[in-house]
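Student: Quick one: the structure is below, and I'll ask about it shortly.
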Amino acid sequence: MKIYDNAVREFPSNAALDLVPLPEESMVSSIWRFAWRNGLGVKELLTHCTHGAGYQKEHATFSYKRGFDPDVFSHSSWWIDESSEKEVFGSSSEKHRSIWWNTAFRYCPLCLGHLYHSFWHQSKFLSHCPLDGAALRDTCYSCGKHLPTYGFHQEILSRPYVCPHCNGPISGVGLSVDARLEIQQSKREYARAFESLDHWWEESTAARNQLESFLSSRAYHFSPWLRPETTLLQWVIHQVPPPATLPFTTRKVPQLVVLTWKIALERCDPMKSVLYPKRWKTEKLNLALKVYRATLRRLLRVIAESEPFEDEDYVRHRAESIRDLLNSPSGCNVKLLAFIMLRNSYETYFSVMHASPDQADFQEWNVGFPYGNEFAQRVRICWRAQFIAEYAAFYWWLVAVRDGRKRVGDFRRATATMSHIDVKFDGSNGDYIIGKVAFPAVDGLRLILSP
């Protein structure tokens with residue numbers, strides 16, 4: 001039986017020794033150049049990239065260098081592994097990394113023609129290369145088919161610079177050492193081209209983390225207004241505007257509204273709800289109902305200020321079906337219709353049809369108090385935020401139906417809004433419930449928590 005030797009051996013002669021990595025160059029680019037110049041197959045290459053591990057399995061989640069050992073690679077190649085890629089990818093959760101980064105290999109044809117690829121080319125924020133302005137692609141320049149997943153994967157590393165579908169060069173240009181030597185002395189220019197992008201990425205960390213905190217919400221997988229390319233990326237750009245020199249893809253989208261609260265939990269008598277269950281439940285429902293009615297009054301006021309309507313319009317929007325209203329020749333006040341949908345989701349039929357917001361009545365089975373009895377004692381601020389957010393979700397769902405992106409029967413109230421709630425335990429000052437909801441702003445309506 002042959003004993004496996006774990007010792008790291010120095011590569012006898014790296015033919016690419018003088019082609020050292022340039023600033024912001026990707027892991028795949030360095031491995032490709034090393035393998036191509038030294039004529040290494042995918043199995044032999046593995047021994048110079050990892051210490052006894054195998055290639056990573058391809059999957060949809062954008063992960064970083066799992067299985068790749070930079071120390072082993074540096075020892076074989078005599079190249080110093082820069083930590084920029086690891087730091088940039090590591091600044092966001094692996095679970096949500098594919099929101100900001102392309103999972104498929106994405107490249108600049110001009111850069112790849114010079115045997116260079118930057119990990120920044122994977123960024124969904126960029127539409128063009130910051131170096132030369134060429135459009136970024138994730139398809140082969142020769143055959144147009146989609147490329148493999150970026151990462152330490154066997155499929156993408158087995159044929160450096162070559163498309164696995166047509167066996168032609170991905171960039172459309174034949175491989176040449178001279179092409180790489182043309183840019184090898186441009187280290188300063190490459191560093192300068194990506195410097196502003198590095199700074200912006202660091203400044204946008206807080207904005208990205210805030211959005212990532214909402215992405216565990218079921219609404220992320222449902223809402224028609226949460227497409228990454230049209231909303232999440234644009235909300236980051238809106239909060240942290242990039243320098244004008246960066247080729248970012250910008251679109252006009254509604255501003256993101258985030259309503260937050262922090263509520264101190266009061267100690268309560270645990271026997272109260274046991275000894276007097278009906279009275280306890282009635283007290284809590286009455287308190288929530290007061291908050292709900294006050295929220296309805298405010299919503300109706302700001303809707304009337306934005307798009308005035310008559311009593312006859314309110315009756316028509318309440319009585320007709322959503323499909324008929326959206327296609328009505330008389331027009332549809334979408335903001336008013338969203339208001340009526342909010343009432344339909346919480347109130348009884350007779351309450352919606354015959355009562356004004358001041359006399360609105362809950363469907364008891366449709367009202368719950370999260371986080372137990374203590375949380376129910378302080379529902380005012382968080383319930384108002386939830387009611388407002390659900391109204392906004394109804395509005396944008398109606399817009400999606402009107403534009404043909406959703407069907408009338410697709411809406412599910414349980415996944416209407418993005419929300420995040422956490423409990424902060426503090427033995428000295430008491431425990432807190434910290435929460436927030438987020439939604440796209442409704443044009444012309446000032447949806448805030450104040451009365």
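The way I read the labels, and the way they are meant: chains A, B, ... in the order of the structure tokens, residue 1 as the first residue of every chain, and ligand 1 as the first ligand shown, with later ones counted on from there.
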Neighbours of Tyr349 of chain A within 12 Å (only C-alpha atoms; same-chain residues fewer than 4 positions away dropped), as a ChimeraX atom specification?

Tutor: /A:318-319,340-341,343-345,353-355,360-363

Student: Go ahead and dump the residues you just picked, C-alpha atoms, as a CSV table (one decimal), in the first residue's frame.

Tutor:
```csv
chain,number,residue,atom,x,y,z
A,318,ARG,CA,-65.5,48.6,-2.3
A,319,ALA,CA,-68.2,46.8,-4.3
A,340,ILE,CA,-60.0,48.6,0.9
A,341,MET,CA,-57.9,45.5,0.4
A,343,ARG,CA,-59.6,46.5,5.4
A,344,ASN,CA,-60.7,43.2,3.8
A,345,SER,CA,-57.7,41.4,5.2
A,353,MET,CA,-69.3,47.2,3.7
A,354,HIS,CA,-71.1,49.2,6.2
A,355,ALA,CA,-68.7,50.8,8.8
A,360,ALA,CA,-64.0,49.2,11.9
A,361,ASP,CA,-64.2,45.8,13.6
A,362,PHE,CA,-61.6,43.0,13.6
A,363,GLN,CA,-62.1,39.4,12.6
```

Student: For Ala193 of chain A, list every protein, DNA or RNA residue within 8 Å, evaluated using only C-alpha atoms, and leave out those in the same chain fewer than 3 positions away; present the list as a PDB file with N, CA and C atoms, in the first residue's frame.

Tutor:
```
ATOM      1  N   PRO A 130     -14.597  48.577 -15.418  1.00  0.00           N
ATOM      2  CA  PRO A 130     -14.043  49.878 -15.008  1.00  0.00           C
ATOM      3  C   PRO A 130     -12.716  50.198 -15.693  1.00  0.00           C
ATOM      4  N   LEU A 131     -12.043  49.189 -16.254  1.00  0.00           N
ATOM      5  CA  LEU A 131     -10.744  49.415 -16.883  1.00  0.00           C
ATOM      6  C   LEU A 131     -10.860  49.976 -18.293  1.00  0.00           C
ATOM      7  N   GLU A 189      -1.919  51.354 -12.835  1.00  0.00           N
ATOM      8  CA  GLU A 189      -3.144  51.744 -13.527  1.00  0.00           C
ATOM      9  C   GLU A 189      -4.316  50.849 -13.111  1.00  0.00           C
ATOM     10  N   TYR A 190      -4.044  49.562 -12.954  1.00  0.00           N
ATOM     11  CA  TYR A 190      -5.112  48.638 -12.545  1.00  0.00           C
ATOM     12  C   TYR A 190      -5.580  48.938 -11.126  1.00  0.00           C
ATOM     13  N   SER A 196     -11.696  53.423  -6.470  1.00  0.00           N
ATOM     14  CA  SER A 196     -12.969  54.045  -6.080  1.00  0.00           C
ATOM     15  C   SER A 196     -14.043  52.983  -5.835  1.00  0.00           C
TER      16      SER A 196
END
```

Student: Which residue, A:Ile99, A:Leu211, A:Ala392, A:Leu157, has the smallest gap to Met27 of chain A when you use only C-alpha atoms?

Tutor: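 Answer, going by the shortest atom-to-atom distance: A:Leu157.
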
Student: Would you kindly return, as a short mmCIF file (atom, residue, chain, number, x, y, z; two decimals) with N, CA and C atoms, in the first residue's frame, each protein, DNA or RNA residue with an atom no farther than 12 Å from any atom of segment 236-239 of chain A, considering only C-alpha atoms and excluding same-chain residues fewer than 3 positions away?

Tutor:
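Full text of result.cif as output:
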```cif
data_model
loop_
_atom_site.label_atom_id
_atom_site.label_comp_id
_atom_site.auth_asym_id
_atom_site.auth_seq_id
_atom_site.Cartn_x
_atom_site.Cartn_y
_atom_site.Cartn_z
N ILE A 99 -27.04 37.72 -4.37
CA ILE A 99 -27.80 38.95 -4.65
C ILE A 99 -26.88 39.99 -5.28
N TRP A 100 -25.64 40.05 -4.80
CA TRP A 100 -24.71 41.10 -5.23
C TRP A 100 -23.72 40.62 -6.30
N LYS A 124 -22.78 42.37 -9.72
CA LYS A 124 -24.01 42.73 -10.43
C LYS A 124 -24.23 44.23 -10.50
N PHE A 125 -23.51 44.98 -9.67
CA PHE A 125 -23.64 46.43 -9.73
C PHE A 125 -23.04 46.99 -11.01
N LEU A 126 -22.04 46.32 -11.56
CA LEU A 126 -21.33 46.82 -12.74
C LEU A 126 -21.96 46.28 -14.02
N TRP A 200 -16.22 52.50 -2.42
CA TRP A 200 -17.68 52.50 -2.43
C TRP A 200 -18.22 51.22 -1.79
N TRP A 201 -17.61 50.09 -2.09
CA TRP A 201 -18.09 48.82 -1.53
C TRP A 201 -18.02 48.85 0.00
N GLU A 203 -18.10 51.56 1.91
CA GLU A 203 -19.09 52.53 2.41
C GLU A 203 -20.50 51.97 2.34
N SER A 204 -20.78 51.07 1.42
CA SER A 204 -22.13 50.54 1.24
C SER A 204 -22.41 49.32 2.12
N THR A 205 -21.48 48.93 2.97
CA THR A 205 -21.65 47.73 3.79
C THR A 205 -22.90 47.81 4.66
N ALA A 206 -23.09 48.94 5.32
CA ALA A 206 -24.25 49.09 6.22
C ALA A 206 -25.56 48.96 5.44
N ALA A 207 -25.64 49.57 4.26
CA ALA A 207 -26.87 49.50 3.45
C ALA A 207 -27.13 48.07 3.00
N ARG A 208 -26.10 47.35 2.60
CA ARG A 208 -26.28 45.96 2.17
C ARG A 208 -26.68 45.07 3.34
N ASN A 209 -26.04 45.30 4.48
CA ASN A 209 -26.37 44.48 5.66
C ASN A 209 -27.81 44.70 6.10
N GLN A 210 -28.28 45.95 5.98
CA GLN A 210 -29.67 46.23 6.36
C GLN A 210 -30.63 45.44 5.48
N LEU A 211 -30.38 45.42 4.18
CA LEU A 211 -31.25 44.67 3.27
C LEU A 211 -31.14 43.17 3.51
N GLU A 212 -29.93 42.69 3.78
CA GLU A 212 -29.74 41.27 4.03
C GLU A 212 -30.51 40.80 5.26
N PRO A 228 -33.96 41.42 -7.49
CA PRO A 228 -32.67 42.00 -7.14
C PRO A 228 -32.18 43.08 -8.10
N GLU A 229 -32.30 42.83 -9.42
CA GLU A 229 -31.75 43.78 -10.39
C GLU A 229 -32.51 45.10 -10.41
N THR A 230 -33.79 45.07 -10.04
CA THR A 230 -34.59 46.28 -10.18
C THR A 230 -34.89 46.98 -8.86
N THR A 231 -34.62 46.31 -7.74
CA THR A 231 -34.94 46.96 -6.47
C THR A 231 -33.80 46.91 -5.47
N LEU A 232 -33.36 45.71 -5.08
CA LEU A 232 -32.37 45.61 -4.01
C LEU A 232 -31.07 46.33 -4.37
N LEU A 233 -30.55 46.10 -5.56
CA LEU A 233 -29.32 46.78 -5.97
C LEU A 233 -29.52 48.28 -6.05
N PRO A 242 -22.71 55.96 -5.91
CA PRO A 242 -21.33 55.69 -6.32
C PRO A 242 -20.74 56.88 -7.08
N PRO A 243 -19.43 56.95 -7.22
CA PRO A 243 -18.82 57.99 -8.05
C PRO A 243 -19.33 57.90 -9.49
N ALA A 244 -19.43 59.04 -10.14
CA ALA A 244 -19.96 59.07 -11.50
C ALA A 244 -19.08 58.31 -12.48
N LEU A 246 -17.85 55.36 -12.12
CA LEU A 246 -18.07 53.91 -12.11
C LEU A 246 -19.25 53.53 -13.01
N PHE A 248 -22.00 51.88 -13.25
CA PHE A 248 -23.08 51.18 -12.57
C PHE A 248 -24.35 51.20 -13.41
N THR A 249 -25.13 50.12 -13.28
CA THR A 249 -26.44 50.06 -13.92
C THR A 249 -27.45 50.71 -12.99
N THR A 250 -28.01 51.83 -13.39
CA THR A 250 -28.96 52.54 -12.53
C THR A 250 -30.33 52.57 -13.19
N ARG A 251 -31.34 52.32 -12.38
CA ARG A 251 -32.74 52.39 -12.82
C ARG A 251 -33.53 53.19 -11.81
N LYS A 252 -34.61 53.75 -12.25
CA LYS A 252 -35.47 54.50 -11.34
C LYS A 252 -36.44 53.54 -10.68
N VAL A 253 -36.34 53.41 -9.36
CA VAL A 253 -37.23 52.53 -8.60
C VAL A 253 -37.75 53.31 -7.41
N PRO A 254 -38.86 52.89 -6.82
CA PRO A 254 -39.37 53.57 -5.62
C PRO A 254 -38.35 53.51 -4.49
N GLN A 255 -38.30 54.56 -3.71
CA GLN A 255 -37.38 54.60 -2.58
C GLN A 255 -37.78 53.56 -1.53
N LEU A 256 -36.79 53.01 -0.84
CA LEU A 256 -37.05 52.05 0.22
C LEU A 256 -37.42 52.79 1.51
N VAL A 257 -38.53 52.38 2.12
CA VAL A 257 -38.95 52.93 3.40
C VAL A 257 -38.74 51.86 4.47
#
```

Student: Give me the residues near Leu447 of chain A as a PDB file with C-alpha atoms, in the first residue's frame, where near means some atom within 12 Å (using only C-alpha atoms) and where sequence neighbours in that chain fewer than 6 positions away do not count.

Tutor:
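Generated file (around_30.pdb):
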```pdb
ATOM      1  CA  GLN A 255     -37.378  54.600  -2.580  1.00  0.00           C
ATOM      2  CA  LEU A 256     -37.049  52.048   0.222  1.00  0.00           C
ATOM      3  CA  VAL A 257     -38.952  52.934   3.404  1.00  0.00           C
ATOM      4  CA  VAL A 258     -37.815  51.296   6.652  1.00  0.00           C
ATOM      5  CA  LEU A 259     -39.916  51.707   9.800  1.00  0.00           C
ATOM      6  CA  THR A 295     -53.934  53.989  11.208  1.00  0.00           C
ATOM      7  CA  LEU A 296     -56.923  53.732   8.861  1.00  0.00           C
ATOM      8  CA  ARG A 298     -54.364  58.530   8.741  1.00  0.00           C
ATOM      9  CA  LEU A 299     -54.117  56.422   5.570  1.00  0.00           C
ATOM     10  CA  LEU A 300     -57.476  57.662   4.315  1.00  0.00           C
ATOM     11  CA  ARG A 301     -56.425  61.255   4.935  1.00  0.00           C
ATOM     12  CA  VAL A 302     -53.119  61.024   3.039  1.00  0.00           C
ATOM     13  CA  ILE A 303     -54.798  59.100   0.161  1.00  0.00           C
ATOM     14  CA  ARG A 384     -48.934  50.679  13.227  1.00  0.00           C
ATOM     15  CA  ALA A 385     -45.738  49.873  11.319  1.00  0.00           C
ATOM     16  CA  GLN A 386     -47.115  46.500  10.259  1.00  0.00           C
ATOM     17  CA  PHE A 387     -50.441  47.968   9.079  1.00  0.00           C
ATOM     18  CA  ILE A 388     -48.648  50.640   7.029  1.00  0.00           C
ATOM     19  CA  ALA A 389     -46.257  48.111   5.493  1.00  0.00           C
ATOM     20  CA  GLU A 390     -49.090  45.778   4.543  1.00  0.00           C
ATOM     21  CA  TYR A 391     -50.922  48.665   2.896  1.00  0.00           C
ATOM     22  CA  ALA A 392     -47.825  49.384   0.777  1.00  0.00           C
ATOM     23  CA  ALA A 438     -39.495  47.607   4.877  1.00  0.00           C
ATOM     24  CA  PHE A 439     -41.396  48.342   1.683  1.00  0.00           C
ATOM     25  CA  PRO A 440     -41.134  50.473  -1.470  1.00  0.00           C
ATOM     26  CA  ALA A 441     -42.461  54.008  -1.033  1.00  0.00           C
TER      27      ALA A 441
END
```

Student: Excluding Leu22 of chain A and its own-chain neighbours fewer than 2 positions away, which residues fall within 12 Å of it when counting only C-alpha atoms? Please give them as a PDB file with N, CA and C atoms, in the first residue's frame.

Tutor:
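The new file selection-v3.pdb reads:
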```pdb
ATOM      1  N   ASP A  18       7.013  34.949 -14.069  1.00  0.00           N
ATOM      2  CA  ASP A  18       7.091  36.391 -14.326  1.00  0.00           C
ATOM      3  C   ASP A  18       5.717  37.020 -14.565  1.00  0.00           C
ATOM      4  N   LEU A  19       4.675  36.191 -14.748  1.00  0.00           N
ATOM      5  CA  LEU A  19       3.316  36.716 -14.995  1.00  0.00           C
ATOM      6  C   LEU A  19       2.556  36.777 -13.672  1.00  0.00           C
ATOM      7  N   VAL A  20       3.065  37.574 -12.744  1.00  0.00           N
ATOM      8  CA  VAL A  20       2.486  37.656 -11.402  1.00  0.00           C
ATOM      9  C   VAL A  20       1.093  38.290 -11.457  1.00  0.00           C
ATOM     10  N   GLU A  24      -6.440  43.280  -7.856  1.00  0.00           N
ATOM     11  CA  GLU A  24      -7.844  42.883  -7.948  1.00  0.00           C
ATOM     12  C   GLU A  24      -8.075  41.716  -8.902  1.00  0.00           C
ATOM     13  N   GLU A  25      -7.037  40.975  -9.216  1.00  0.00           N
ATOM     14  CA  GLU A  25      -7.206  39.811 -10.091  1.00  0.00           C
ATOM     15  C   GLU A  25      -7.885  38.688  -9.315  1.00  0.00           C
ATOM     16  N   SER A  26      -8.698  37.922 -10.003  1.00  0.00           N
ATOM     17  CA  SER A  26      -9.484  36.883  -9.343  1.00  0.00           C
ATOM     18  C   SER A  26      -8.686  35.611  -9.117  1.00  0.00           C
ATOM     19  N   MET A  27      -9.189  34.786  -8.218  1.00  0.00           N
ATOM     20  CA  MET A  27      -8.598  33.486  -7.946  1.00  0.00           C
ATOM     21  C   MET A  27      -8.590  32.622  -9.204  1.00  0.00           C
ATOM     22  N   SER A  29      -8.618  33.514 -12.324  1.00  0.00           N
ATOM     23  CA  SER A  29      -7.677  34.049 -13.311  1.00  0.00           C
ATOM     24  C   SER A  29      -6.250  33.601 -13.011  1.00  0.00           C
ATOM     25  N   SER A  30      -5.852  33.662 -11.746  1.00  0.00           N
ATOM     26  CA  SER A  30      -4.490  33.253 -11.368  1.00  0.00           C
ATOM     27  C   SER A  30      -4.285  31.751 -11.571  1.00  0.00           C
ATOM     28  N   ARG A  33      -4.023  30.929 -15.367  1.00  0.00           N
ATOM     29  CA  ARG A  33      -2.748  31.309 -15.974  1.00  0.00           C
ATOM     30  C   ARG A  33      -1.633  30.338 -15.545  1.00  0.00           C
ATOM     31  N   TRP A  79       3.755  33.025  -6.141  1.00  0.00           N
ATOM     32  CA  TRP A  79       2.976  34.260  -6.207  1.00  0.00           C
ATOM     33  C   TRP A  79       2.383  34.535  -4.836  1.00  0.00           C
ATOM     34  N   ILE A  80       2.325  35.803  -4.463  1.00  0.00           N
ATOM     35  CA  ILE A  80       1.723  36.189  -3.187  1.00  0.00           C
ATOM     36  C   ILE A  80       0.223  36.323  -3.383  1.00  0.00           C
ATOM     37  N   ASP A  81      -0.550  35.588  -2.571  1.00  0.00           N
ATOM     38  CA  ASP A  81      -2.013  35.639  -2.672  1.00  0.00           C
ATOM     39  C   ASP A  81      -2.537  36.881  -1.960  1.00  0.00           C
ATOM     40  N   GLU A  82      -3.196  37.768  -2.716  1.00  0.00           N
ATOM     41  CA  GLU A  82      -3.793  38.962  -2.117  1.00  0.00           C
ATOM     42  C   GLU A  82      -5.133  38.596  -1.482  1.00  0.00           C
ATOM     43  N   SER A  84      -7.717  40.619  -1.073  1.00  0.00           N
ATOM     44  CA  SER A  84      -8.808  41.528  -1.451  1.00  0.00           C
ATOM     45  C   SER A  84     -10.090  40.781  -1.785  1.00  0.00           C
ATOM     46  N   CYS A 111     -10.235  42.377 -21.308  1.00  0.00           N
ATOM     47  CA  CYS A 111      -9.338  41.965 -20.225  1.00  0.00           C
ATOM     48  C   CYS A 111      -8.967  40.495 -20.350  1.00  0.00           C
ATOM     49  N   HIS A 114      -6.306  39.514 -22.591  1.00  0.00           N
ATOM     50  CA  HIS A 114      -4.963  39.726 -22.025  1.00  0.00           C
ATOM     51  C   HIS A 114      -4.709  38.801 -20.833  1.00  0.00           C
ATOM     52  N   LEU A 115      -5.498  37.724 -20.734  1.00  0.00           N
ATOM     53  CA  LEU A 115      -5.364  36.724 -19.656  1.00  0.00           C
ATOM     54  C   LEU A 115      -5.560  37.349 -18.277  1.00  0.00           C
ATOM     55  N   TYR A 116      -6.498  38.291 -18.186  1.00  0.00           N
ATOM     56  CA  TYR A 116      -6.785  38.946 -16.906  1.00  0.00           C
ATOM     57  C   TYR A 116      -8.283  38.913 -16.643  1.00  0.00           C
ATOM     58  N   HIS A 117      -8.640  38.575 -15.417  1.00  0.00           N
ATOM     59  CA  HIS A 117     -10.031  38.626 -14.980  1.00  0.00           C
ATOM     60  C   HIS A 117     -10.037  39.117 -13.542  1.00  0.00           C
ATOM     61  N   SER A 118     -10.865  40.125 -13.251  1.00  0.00           N
ATOM     62  CA  SER A 118     -10.979  40.647 -11.888  1.00  0.00           C
ATOM     63  C   SER A 118     -12.220  40.078 -11.224  1.00  0.00           C
ATOM     64  N   PHE A 119     -12.124  39.851  -9.932  1.00  0.00           N
ATOM     65  CA  PHE A 119     -13.325  39.385  -9.210  1.00  0.00           C
ATOM     66  C   PHE A 119     -14.417  40.440  -9.229  1.00  0.00           C
ATOM     67  N   ARG A 180      -0.481  39.061 -22.417  1.00  0.00           N
ATOM     68  CA  ARG A 180      -0.377  39.306 -20.968  1.00  0.00           C
ATOM     69  C   ARG A 180       0.796  40.236 -20.650  1.00  0.00           C
ATOM     70  N   LEU A 181       1.916  40.066 -21.359  1.00  0.00           N
ATOM     71  CA  LEU A 181       3.083  40.912 -21.101  1.00  0.00           C
ATOM     72  C   LEU A 181       2.797  42.380 -21.400  1.00  0.00           C
ATOM     73  N   ILE A 183       0.236  44.058 -20.537  1.00  0.00           N
ATOM     74  CA  ILE A 183      -0.389  44.724 -19.389  1.00  0.00           C
ATOM     75  C   ILE A 183       0.346  44.441 -18.081  1.00  0.00           C
ATOM     76  N   GLN A 184       1.388  43.619 -18.141  1.00  0.00           N
ATOM     77  CA  GLN A 184       2.032  43.173 -16.913  1.00  0.00           C
ATOM     78  C   GLN A 184       2.656  44.310 -16.116  1.00  0.00           C
ATOM     79  N   GLN A 185       3.061  45.365 -16.802  1.00  0.00           N
ATOM     80  CA  GLN A 185       3.687  46.498 -16.115  1.00  0.00           C
ATOM     81  C   GLN A 185       2.684  47.602 -15.757  1.00  0.00           C
ATOM     82  N   SER A 186       1.398  47.299 -15.878  1.00  0.00           N
ATOM     83  CA  SER A 186       0.362  48.312 -15.625  1.00  0.00           C
ATOM     84  C   SER A 186      -0.257  48.166 -14.240  1.00  0.00           C
ATOM     85  N   LYS A 187       0.517  47.717 -13.282  1.00  0.00           N
ATOM     86  CA  LYS A 187       0.001  47.455 -11.946  1.00  0.00           C
ATOM     87  C   LYS A 187      -0.623  48.695 -11.326  1.00  0.00           C
ATOM     88  N   ARG A 188       0.020  49.828 -11.459  1.00  0.00           N
ATOM     89  CA  ARG A 188      -0.495  51.062 -10.862  1.00  0.00           C
ATOM     90  C   ARG A 188      -1.814  51.476 -11.498  1.00  0.00           C
ATOM     91  N   GLU A 189      -1.919  51.354 -12.835  1.00  0.00           N
ATOM     92  CA  GLU A 189      -3.144  51.744 -13.527  1.00  0.00           C
ATOM     93  C   GLU A 189      -4.316  50.849 -13.111  1.00  0.00           C
ATOM     94  N   TYR A 190      -4.044  49.562 -12.954  1.00  0.00           N
ATOM     95  CA  TYR A 190      -5.112  48.638 -12.545  1.00  0.00           C
ATOM     96  C   TYR A 190      -5.580  48.938 -11.126  1.00  0.00           C
ATOM     97  N   ALA A 191      -4.637  49.227 -10.242  1.00  0.00           N
ATOM     98  CA  ALA A 191      -4.998  49.555  -8.861  1.00  0.00           C
ATOM     99  C   ALA A 191      -5.836  50.827  -8.809  1.00  0.00           C
ATOM    100  N   ARG A 192      -5.482  51.805  -9.621  1.00  0.00           N
ATOM    101  CA  ARG A 192      -6.208  53.077  -9.628  1.00  0.00           C
ATOM    102  C   ARG A 192      -7.618  52.905 -10.192  1.00  0.00           C
ATOM    103  N   ALA A 193      -7.777  52.020 -11.183  1.00  0.00           N
ATOM    104  CA  ALA A 193      -9.091  51.822 -11.817  1.00  0.00           C
ATOM    105  C   ALA A 193     -10.107  51.249 -10.841  1.00  0.00           C
ATOM    106  N   PHE A 194      -9.643  50.412  -9.904  1.00  0.00           N
ATOM    107  CA  PHE A 194     -10.565  49.762  -8.971  1.00  0.00           C
ATOM    108  C   PHE A 194     -10.592  50.422  -7.591  1.00  0.00           C
TER     109      PHE A 194
END
```

Student: Nearest to Glu320 of chain A: which of A:Val240, A:Ala304, A:Leu289, A:Leu337 is it, counting only C-alpha atoms?

Tutor: A:Leu337

Student: How far is it from atom CA of Val437 of chain A to atom CA of Arg405 of chain A, in Å with one decimal?

Tutor: 23.9 Å
